[in-house]
Each structure stands twice: as C-alpha cells, then as structure tokens.
>>> print(open('data.txt').read())   # compact mmCIF, C-alpha atoms and all ligand atoms
# COMPACT_ATOMS: atom_id res chain seq x y z
CA MET L 1 104.12 -20.15 237.32
CA LEU L 2 101.74 -22.86 236.10
CA SER L 3 102.88 -25.44 238.65
CA THR L 4 102.02 -23.09 241.52
CA ARG L 5 98.71 -22.13 239.98
CA PHE L 6 97.73 -25.79 239.54
CA GLY L 7 99.15 -27.09 242.83
CA VAL L 8 101.81 -29.30 241.26
CA ASP L 9 105.31 -29.92 242.66
CA ARG L 10 107.25 -27.00 241.19
CA HIS L 11 110.64 -28.68 241.51
CA ALA L 12 109.41 -31.68 239.54
CA SER L 13 107.88 -29.44 236.87
CA TYR L 14 111.03 -27.36 236.70
CA LEU L 15 113.22 -30.44 236.28
CA ALA L 16 110.97 -31.88 233.58
CA GLY L 17 110.93 -28.52 231.78
CA LEU L 18 114.70 -28.27 231.97
CA ALA L 19 115.29 -31.79 230.69
CA HIS L 20 112.60 -32.24 228.07
CA ASP L 21 114.77 -31.27 225.05
CA MET L 22 118.17 -32.33 226.32
CA CYS L 23 118.61 -34.96 223.58
CA ARG L 24 117.12 -32.91 220.76
CA GLU L 25 120.48 -32.01 219.28
CA LEU L 26 121.73 -35.60 219.29
CA SER L 27 121.63 -37.51 216.02
CA PHE L 28 118.62 -39.72 215.44
CA GLU L 29 120.88 -42.77 215.71
CA ALA L 30 122.17 -41.61 219.10
CA GLN L 31 118.60 -41.03 220.30
CA GLU L 32 117.62 -44.51 219.10
CA HIS L 33 120.62 -45.99 220.86
CA LEU L 34 119.65 -44.36 224.17
CA VAL L 35 116.11 -45.72 223.90
CA ASP L 36 117.44 -49.15 222.91
CA ILE L 37 119.76 -49.51 225.87
CA TYR L 38 117.83 -47.62 228.57
CA GLY L 39 114.28 -48.25 227.37
CA SER L 40 113.46 -50.00 230.64
CA CYS L 41 113.41 -46.51 232.20
CA ILE L 42 110.19 -45.77 230.33
CA ALA L 43 108.78 -49.31 230.26
CA PHE L 44 105.90 -48.09 232.44
CA LEU L 45 104.71 -46.09 229.40
CA HIS L 46 104.74 -48.94 226.92
CA GLY L 47 100.99 -49.50 227.13
CA ARG L 48 100.37 -45.93 226.00
CA GLN L 49 99.12 -45.60 222.46
CA SER L 50 100.89 -42.26 222.05
CA LEU L 51 104.28 -43.85 222.62
CA GLN L 52 103.48 -46.83 220.39
CA VAL L 53 102.51 -44.45 217.59
CA LEU L 54 105.64 -42.38 218.13
CA PHE L 55 107.83 -45.48 217.81
CA SER L 56 106.00 -46.99 214.85
CA ASP L 57 105.83 -44.07 212.40
CA ILE L 58 109.34 -43.31 211.13
CA GLU L 59 108.46 -39.82 209.86
CA TYR L 60 107.25 -38.65 213.26
CA LYS L 61 109.68 -40.82 215.18
CA LYS L 62 112.50 -38.72 213.73
CA LYS L 63 110.90 -35.55 215.08
CA MET L 64 109.72 -36.86 218.41
CA LEU L 65 112.19 -39.49 219.57
CA HIS L 66 114.20 -36.86 221.44
CA GLY L 67 111.45 -36.94 224.12
CA PRO L 68 111.76 -40.64 225.01
CA ALA L 69 115.55 -40.41 224.57
CA SER L 70 115.73 -37.47 227.02
CA ALA L 71 113.58 -39.41 229.51
CA CYS L 72 115.93 -42.40 229.26
CA MET L 73 119.00 -40.20 229.76
CA LEU L 74 117.40 -38.37 232.68
CA CYS L 75 116.58 -41.66 234.33
CA HIS L 76 119.77 -43.55 233.63
CA GLU L 77 122.42 -40.85 233.84
CA PHE L 78 120.81 -38.48 236.35
CA ASN L 79 118.99 -41.09 238.39
CA VAL L 80 115.59 -39.43 238.11
CA LYS L 81 112.98 -42.13 238.69
CA GLU L 82 109.74 -40.18 239.23
CA GLN L 83 107.32 -41.45 236.63
CA ASP L 84 105.49 -38.12 236.29
CA ILE L 85 108.73 -36.39 235.33
CA LEU L 86 109.83 -39.12 232.91
CA GLU L 87 106.38 -39.19 231.33
CA ALA L 88 106.35 -35.40 230.91
CA VAL L 89 109.72 -35.53 229.14
CA ALA L 90 108.98 -38.60 227.01
CA LEU L 91 105.60 -37.42 225.71
CA HIS L 92 106.14 -33.67 225.40
CA SER L 93 106.00 -33.74 221.59
CA ILE L 94 103.05 -36.01 220.99
CA ALA L 95 100.79 -35.60 224.07
CA ASP L 96 97.90 -37.82 225.08
CA GLU L 97 94.80 -37.56 227.24
CA MET L 98 96.22 -39.73 230.01
CA MET L 99 99.09 -37.38 230.78
CA SER L 100 99.70 -36.38 234.40
CA ASP L 101 99.32 -32.77 235.50
CA ILE L 102 103.08 -32.28 235.32
CA ALA L 103 103.16 -33.68 231.79
CA LYS L 104 100.35 -31.35 230.75
CA ILE L 105 102.13 -28.37 232.30
CA VAL L 106 105.36 -29.17 230.46
CA TYR L 107 103.45 -29.60 227.21
CA ILE L 108 101.63 -26.28 227.66
CA SER L 109 104.78 -24.40 228.71
CA ASP L 110 106.72 -25.77 225.77
CA LYS L 111 104.07 -24.92 223.18
CA LEU L 112 103.01 -21.54 224.58
CA GLU L 113 106.41 -20.20 225.54
CA PRO L 114 106.82 -16.46 224.77
CA LEU L 115 109.40 -17.02 222.02
CA ARG L 116 106.92 -19.03 220.00
CA HIS L 117 104.47 -17.47 217.65
CA ARG L 118 101.32 -17.70 219.75
CA PRO L 119 97.83 -16.22 219.67
CA GLN L 120 97.21 -12.82 221.24
CA ASP L 121 95.00 -14.31 223.91
CA ALA L 122 97.62 -16.88 225.03
CA ASP L 123 98.72 -14.86 228.08
CA GLU L 124 95.16 -14.36 229.24
CA LYS L 125 94.39 -18.08 228.79
CA LEU L 126 97.55 -19.04 230.70
CA HIS L 127 96.31 -17.00 233.65
CA THR L 128 92.63 -17.86 233.62
CA LEU L 129 91.86 -21.34 232.26
CA ASP L 130 91.84 -24.48 234.38
CA LEU L 131 94.49 -27.06 233.52
CA GLU L 132 92.30 -29.27 231.35
CA SER L 133 90.92 -26.32 229.35
CA LEU L 134 94.40 -24.89 228.95
CA PHE L 135 95.64 -28.24 227.67
CA VAL L 136 92.85 -28.33 225.07
CA TYR L 137 93.53 -24.69 224.16
CA THR L 138 97.22 -25.54 223.66
CA LEU L 139 96.40 -28.52 221.47
CA GLY L 140 94.22 -26.22 219.40
CA CYS L 141 97.14 -23.80 219.00
CA VAL L 142 99.40 -26.64 217.89
CA VAL L 143 96.85 -27.86 215.33
CA GLN L 144 96.49 -24.29 214.06
CA TRP L 145 100.26 -23.71 213.76
CA PHE L 146 100.83 -26.86 211.80
CA SER L 147 97.92 -26.13 209.54
CA SER L 148 99.03 -22.55 208.82
CA SER L 149 102.70 -23.46 208.39
CA GLY L 150 101.92 -26.35 206.05
CA LYS L 151 104.04 -28.69 208.18
CA PRO L 152 102.70 -32.18 208.82
CA LEU L 153 101.19 -32.69 212.26
CA SER L 154 101.27 -36.15 213.78
CA PRO L 155 97.89 -37.76 212.98
CA PHE L 156 97.80 -38.99 216.57
CA THR L 157 97.89 -35.43 217.92
CA ALA L 158 95.31 -34.29 215.35
CA HIS L 159 92.97 -37.15 216.34
CA LEU L 160 93.56 -36.46 220.01
CA TYR L 161 92.37 -32.90 219.54
CA SER L 162 89.23 -33.91 217.61
CA ARG L 163 88.44 -36.65 220.16
CA ILE L 164 88.69 -34.20 223.03
CA LEU L 165 86.54 -31.61 221.25
CA LYS L 166 83.79 -34.21 220.76
CA GLU L 167 83.72 -35.15 224.46
FE FE M 1 111.05 -31.13 222.07
>>> encode(input="data.txt", output="structure tokens", more="lines below")
Ligand SMILES: [Fe+2]
Amino acid sequence: MLSTRFGVDRHASYLAGLAHDMCRELSFEAQEHLVDIYGSCIAFLHGRQSLQVLFSDIEYKKKMLHGPASACMLCHEFNVKEQDILEAVALHSIADEMMSDIAKIVYISDKLEPLRHRPQDADEKLHTLDLESLFVYTLGCVVQWFSSSGKPLSPFTAHLYSRILKE
C-alpha cells in the first residue's frame, strides 16, 4: 500500500481514494451546481493555478469538474474537512506540483491502477521509487497515454510535466 510505504495516514488516503470519483457519473450541470453552492469547502484551493485552469477552460472543465464536485460533496454531505483529503479529491484529474503527499498518492493510484493500460515496469516503479519520482513517472505515463490515444491532454498537465523534467 502506497500510504504505508510513504508514511501517510492510510485512513485518509483510503477515504480520498474511495471518494475521488463519486460525482463522475453526475451530469455536468449537477457537478457545476455542487461547486456553486458548496464551493466554500474548497475555497482554500482557490489560489492554486491548477484549479483556476480547470474552472476556466470549458473543454477540460467538463472532464475534470467531477473532482472539485466530489470534494464539495465529501465536505458538505459527509462532513469531511481535512484539507489534504479534499485537495486529493479535487485535483486528482489535473495534478499540480504543490499537491500534498496524500494527493500525490491518490493521483498515482488512480492513474496506475491495475485495470488501466500501464507500462510493464509500473509495478516495479510502484515498489521502488520515492514518492516524488513516482509522481513524475506517473505524469509521464499520463502524457504518453494521451499522446498515443490521440486524446487531448490538459495543457496545464502537459506543462507541469515539462516544467518538472527541466528542474
Ligand atoms: Fe476521476
């Protein structure tokens, strides 16, 4: 389990993992409504460029709004107030370099889950890399998937990956 390996609260990671897609099947309008009425739940994230980009680009907003909407529902309807958990849920589609360890773990687990098409070395990387390297590896996998599938990747995520590689 990644949370154990990286010394992160496993209950918090488990809850974030469980909740991250809970609004994915709602209509876009319902997701928007949740964010409109319970947006104060994620107000602490409003300075984050990733979230601003997510809200401002309608094409990607339609694909990624289920993250912020799930965070708002988790906070308002299930009374979860821990910022690390809400951040992990809200940003699990777009990612950014300021994410907490829990948010990185949820991002990695979501993108490298066994049911996804993933590189042959994914299991080895999951067991050997440190958290930061695993996060960068995962971003690389995401960039690769989008490129090979021909689907459009959020420019923010693409830039994030190139920025990190240059560091
Ligand atoms: Fe998702």
>>> residues_near_point(input="data.txt", point="(120.1, -36.8, 231.3)", cutoff="12 Å", atoms="all atoms listed in the file", output="PyMOL selection string")
chain L and resi 15-16+18-24+31+34+38+41+66-81+86+89
>>> residues_around(input="data.txt", residues="range 153-163 of chain L", least_positions_apart="3", cutoff="10 Å", atoms="all atoms listed in the file", output="PyMOL selection string")
chain L and resi 49-50+53-54+57+59-61+63-64+93-97+135-140+142-147+150+166-167
>>> residues_around(input="data.txt", residues="range 110-120 of chain L", least_positions_apart="2", cutoff="9 Å", atoms="all atoms listed in the file", output="list in words")
Gly17, His92, Ile105, Val106, Tyr107, Ile108, Ala122, Asp123, Glu124, Leu126, Thr138, Leu139, Cys141, Val142 and Trp145 of chain L
>>> closest_residue(input="data.txt", among="L:Ser27, L:Ser133, L:Ser148, L:Ser13", to="Asp84 in chain L", atoms="only C-alpha atoms")
L:Ser13
>>> closest_residue(input="data.txt", among="L:Glu25, L:Asp9, L:Asp36, L:Glu132", to="ligand FE 1 (chain M)", atoms="only C-alpha atoms and all ligand atoms")
L:Glu25
>>> closest_residue(input="data.txt", among="L:Arg48, L:Ile37, L:Ser109, L:Glu82", to="Leu134 in chain L", atoms="only C-alpha atoms")
L:Ser109
>>> closest_residue(input="data.txt", among="L:Gly39, L:Phe44, L:Leu131, L:Phe28", to="Ile58 in chain L", atoms="all atoms listed in the file")
L:Phe28
>>> atom_distance(input="data.txt", atom1="CA of Leu51 in chain L", atom2="CA of Leu91 in chain L")
7.3 Å
>>> closest_residue(input="data.txt", among="L:His11, L:Lys62, L:His46, L:Arg5", to="ligand FE 1 (chain M)", atoms="only C-alpha atoms and all ligand atoms")
L:Lys62
>>> atom_distance(input="data.txt", atom1="CA of Glu32 in chain L", atom2="CA of Ala103 in chain L")
22.1 Å
>>> closest_residue(input="data.txt", among="L:Ala43, L:Met1, L:Leu65, L:Leu26", to="ligand FE 1 (chain M)", atoms="all atoms listed in the file")
L:Leu65
>>> atom_distance(input="data.txt", atom1="CA of Ala12 in chain L", atom2="CA of Asp130 in chain L")
19.7 Å
